[in-house]
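Engineer: Just dropping this structure here.
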Amino acid sequence: MASLVTRLVLAMVVIAGTLMFGNVRVSAQCGGSIPQLVAQCSQFVKKEGPQIPPSSGCCSAVKAADVPCVCALVTPAIEKIISMEKVVYVARTCGVTVKPGTKCGSYTVPPKRLI
């Protein structure tokens, strides 16, 4: 389950980057779920702006994503436009477990904060 979560988080990052950079090869390489993730979730993981809860459409895309190739595709360019902290927040808010210590690009997922 943890590896699925890691893939989902990374998929969101790559998907947002794919939409913003128009990289069709990444979309084809990682499956058809990337366009859906970008369309539904990009507004929730942008660096600019406050952290806001994702929509139900975004959560559906996150939960349905099949993104085993995404971890290796997170680049510094993607990290310049996507907040990795927000990616983890969105995944966790959608009920996806993200294992602490997971590497997403240069970002290491911290332990979940208890409120």
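In the structure tokens, chains take letters A, B, ... by order of appearance, with residues numbered from 1 within each chain and ligands from 1 in the order shown.
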Please provide as a VMD selection string all residues within 9 Å of range 48-57 of chain A, with the sequence filter that same-chain residues fewer than 6 positions apart are discarded (counting only C-alpha atoms).
Structural biologist: chain A and resid 40 to 41 81 to 83 86 89 to 91 93 to 94
Engineer: Would you mind reading off the distance between CA of Glu85 in chain A and CA of Thr108 in chain A, one decimal, in Å?
Structural biologist: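 Distance reported for this atom pair: 9.5 Å.
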Engineer: Could you tell me which of A:Arg92, A:Lys46, A:Lys80, A:Lys63 comes closest to Arg113 in chain A if we count only C-alpha atoms?
Structural biologist: A:Arg92
Engineer: With DSSP run on the backbone, what are the helix (DSSP H, G or I) residues within range 56-114 of chain A? I'd like them as a list in words.
Structural biologist: Ser56, Gly57, Cys58, Cys59, Ser60, Ala61, Val62, Lys63, Ala64, Cys71, Ala72, Leu73, Pro76, Ala77, Ile78, Glu79, Lys80, Ile81, Met84, Glu85, Lys86, Val87, Val88, Tyr89, Val90, Ala91, Arg92 and Thr93 of chain A
Engineer: Could you jot down the CA of Leu37 in chain A to CA of Pro100 in chain A separation for me, Å, one decimal place?
Structural biologist: 22.3 Å
